[in-house]
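For reference, the structure discussed in these notes is given below.
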Amino acid sequence: MQIKIGDKIRELRRRDGRRQEDLANALGVTCQAVSRWEANGGYPDMEMIPAISNYFGITIDELFGYHSDRETKIDAILRRVDAYDLKHDGDDGWVDDCLAILREGLAEFPGNERLRITLAETLWEAGWRRHRDWIGYDEDGFIRYCYDRERKNRYWAEAEKLCCQLIEESGNNAVFSRAVAVLVPLYRNYGEYEKAISLAKRMPGLEHSREYLLTEATDGRAEAGYIGEFLLKTAKEFSEQMIFSLISDLGNFESDLPLEKVKGAIALFDLICDDGNLGIYHDFVLKLWLYLSRLQWERGYRDDAFVSLDEALKHAKAYVSAADGEEHRLTAPLVRYVEYRADPGRNIVRQLPDEWPFWCNPDCSRAAKEIREDPRWHDWVRRTGEE
């Protein structure tokens with residue numbers, strides 16, 4: 001402890017550009033005392049420790065070097081959960097393992113906000129996977145959630161409790177925002193619209209979002225990079241919301257309207273990345289192609305459906321090629337200063353048949369049965385297994 005605290009005091013003092021005399025005056029001790037601490041010839045009285053940590057703006061744990069050890073362990077716990085890639089795994093086999101990892105982490109680090117919000121988000125996702133009969137349409141063809149049944153979802157009940165606690169207790173804006181992001185759709189699913197709207201209104205508008213403000217935070221090459229990131233992220237969010245808009249009203253599916261809109265979403269990415277290099281966004285665009293193939297099949301464009309499946313396969317292979325864990329930069333003019341890293345280990349090519357059609361609403365069971373009876377489907381599945 002003596003060596004650690006002496007080295008830490010010297011490190012912090014130099015970090016802040018302070019002299020030994022400055023620290024001594026602030027603490028009411030001699031310069032010789034500070035020099036002795038830093039030379040590991042002694043250490044401060046325990047009653048002086050809070051004043052030293054306050055002077056440098058850190059916690060007592062950090063002063064003694066405990067913070068970094070704790071955070072390193074917490075990072076390792078969260079990486080174990082991330083390794084399950086639960087956002088992309090369409091099954092629910094990860095649920096028990098991930099929840100156990102997070103609960104064990106909280107037993108070791110009670111109250112840690114990073115673990116608590118990750119547990120809440122994992123419970124939210126688990127609630128979808130373990131309760132699949134979650135959606136329906138009313139007599140007018142608009143989406144309605146099964147409110148009474150959703151309130152019995154034990155995963156969501158625990159997620160709600162965790163998020164409500166974090167909103168009340170946390171001073172961390174990122175944790176607060178993540179908790180709101182769970183609670184808003186959760187309350188929607190419960191039919192508690194006023195609660196959902198009230199929470200949503202506490203969040204900043206689009207023009208005050210982090211991604212938007214970063215485009216105004218600098219200039220030159222850095223600005224170009226942030227603008228490129230903004231274009232791609234907003235294109236993804238825009239495309240998802242457009243699909244949700246289609247899904248929300250069955251009347252949209254009485255014509256080719258959904259096909260044209262999904263094609264437009266794909267074209268948006270082609271507009272931004274006009275050289276075909278989408279980096280990590282190949283993963284999202286392949287999902288658009290999967291959904292388009294389902295829509296084309298249902299509208300009778302059977303040949304086009306398999307063209308779309310081939311496009312999805314092409315984007316999956318492009319993503320896997322880029323997923324080497326190294327830093328890369330996009331190459332199209334509007335995004336050539338956007339850097340990205342895709343971690344290896346997830347072969348999305350082999351997962352394509354299970355992912356199809358990604359967005360399953362409205363009900364796609366009939367289309368799924370029909371397309372799987374087509375010999376071209378079996379050939380496509382075979383090709384996805386060649387990677």
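Every chain in the structure tokens has a letter given in the order shown (A, B, ...), and although residue numbers restart at 1 in each chain, ligands are simply numbered from 1 in the order shown.
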Original post:
Can you list every residue in range 23-244 of chain A that DSSP puts in strand (DSSP E), as JSON, numbers by chain?
Top reply: {"A": [135, 136, 137, 143, 144, 145]}
Subject >> Residues within 7 Å of Val335 in chain A, only C-alpha atoms, excluding chain neighbours under 5 positions, as a list of chain:residue names >> reply: A:Gly225, A:Gly228, A:Leu330
Generate the output file for the selected residues, N, CA and C atoms, as a PDB file, in the first residue's frame.
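And here's part.pdb as it stands now:
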```
ATOM      1  N   GLY A 225     -15.099  12.884 -40.697  1.00  0.00           N
ATOM      2  CA  GLY A 225     -15.309  11.552 -40.151  1.00  0.00           C
ATOM      3  C   GLY A 225     -16.582  11.450 -39.336  1.00  0.00           C
ATOM      4  N   GLY A 228     -19.625  11.483 -41.604  1.00  0.00           N
ATOM      5  CA  GLY A 228     -19.799  10.176 -42.234  1.00  0.00           C
ATOM      6  C   GLY A 228     -20.451   9.181 -41.287  1.00  0.00           C
ATOM      7  N   LEU A 330     -13.540   3.198 -44.186  1.00  0.00           N
ATOM      8  CA  LEU A 330     -14.375   3.111 -45.372  1.00  0.00           C
ATOM      9  C   LEU A 330     -13.740   3.899 -46.510  1.00  0.00           C
TER      10      LEU A 330
END
```
Subject >> Shell around Lys161 in chain A at 10 Å using only C-alpha atoms, local window under 4 positions removed, as an NGL selection string >> reply: :A and (120 or 156-157 or 165-166 or 183)
Keeping only N, CA and C atoms, take the residues you just selected and write them out as a PDB file, in the first residue's frame.
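Written output follows (again-v4.pdb):
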```
ATOM      1  N   ALA A 120     -30.317  -5.406 -16.941  1.00  0.00           N
ATOM      2  CA  ALA A 120     -31.652  -4.950 -17.345  1.00  0.00           C
ATOM      3  C   ALA A 120     -31.851  -5.113 -18.851  1.00  0.00           C
ATOM      4  N   TRP A 156     -39.219  -9.066 -17.935  1.00  0.00           N
ATOM      5  CA  TRP A 156     -39.486  -7.639 -18.052  1.00  0.00           C
ATOM      6  C   TRP A 156     -39.796  -7.007 -16.704  1.00  0.00           C
ATOM      7  N   ALA A 157     -40.429  -7.749 -15.834  1.00  0.00           N
ATOM      8  CA  ALA A 157     -40.729  -7.218 -14.500  1.00  0.00           C
ATOM      9  C   ALA A 157     -39.441  -6.879 -13.758  1.00  0.00           C
ATOM     10  N   GLN A 165     -34.879   1.921 -10.636  1.00  0.00           N
ATOM     11  CA  GLN A 165     -33.893   2.230  -9.609  1.00  0.00           C
ATOM     12  C   GLN A 165     -32.747   3.051 -10.180  1.00  0.00           C
ATOM     13  N   LEU A 166     -32.264   2.673 -11.352  1.00  0.00           N
ATOM     14  CA  LEU A 166     -31.141   3.383 -11.961  1.00  0.00           C
ATOM     15  C   LEU A 166     -31.520   4.810 -12.334  1.00  0.00           C
ATOM     16  N   LEU A 183     -37.132   1.139 -20.678  1.00  0.00           N
ATOM     17  CA  LEU A 183     -38.443   1.377 -20.087  1.00  0.00           C
ATOM     18  C   LEU A 183     -39.481   1.895 -21.081  1.00  0.00           C
TER      19      LEU A 183
END
```
**OP:** For CA of Tyr43 in chain A and CA of Tyr55 in chain A, determine how far apart the two atoms are, in Å to one decimal place.
**Re:**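 About the pair CA of Tyr43 in chain A and CA of Tyr55 in chain A: they are 16.3 Å apart.
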**OP:** Name the residues in contact with Gly191 in chain A at a cut-off of 9 Å, using only C-alpha atoms, excluding same-chain residues fewer than 5 positions from it; report them as number ranges by chain.
**Re:** A: 144-148, 186, 196
**OP:** Among the residues of range 114-197 of chain A, find those DSSP assigns to alpha helix (DSSP H) from the backbone and print them as a PyMOL selection string.
**Re:** chain A and resi 114-130+147-150+154-169+173-190+193-197
**OP:** Pick out the residues sitting within 12 Å of Asn25 in chain A, and hand them over as a list in words; count only C-alpha atoms, and ignore anything fewer than 6 positions along from it in its own chain.
**Re:**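 Non-adjacent residues within range: Arg18, Arg19, Cys31, Gln32, Ala33, Val34, Ile52 and Tyr55 of chain A.
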Subject >> Near-Arg15 in chain A list (12 Å; only C-alpha atoms; drop same-chain fewer than 6 positions) as a VMD selection string >> reply: chain A and resid 8 to 9 56 to 57
Now that the selection is made, can you save its residues with C-alpha atoms as a PDB file, in the first residue's frame?
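Below is the file that was written, part.pdb:
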```pdb
ATOM      1  CA  LYS A   8      -0.026   7.390  -7.209  1.00  0.00           C
ATOM      2  CA  ILE A   9       0.348  10.783  -5.524  1.00  0.00           C
ATOM      3  CA  PHE A  56      -7.090  15.146  -7.139  1.00  0.00           C
ATOM      4  CA  GLY A  57     -10.796  14.565  -7.867  1.00  0.00           C
TER       5      GLY A  57
END
```
**OP:** Calculate how many Å separate CA of Thr384 in chain A from CA of Phe284 in chain A, rounding to one decimal.
**Re:**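 Interatomic distance, CA of Thr384 in chain A to CA of Phe284 in chain A: 17.2 Å.
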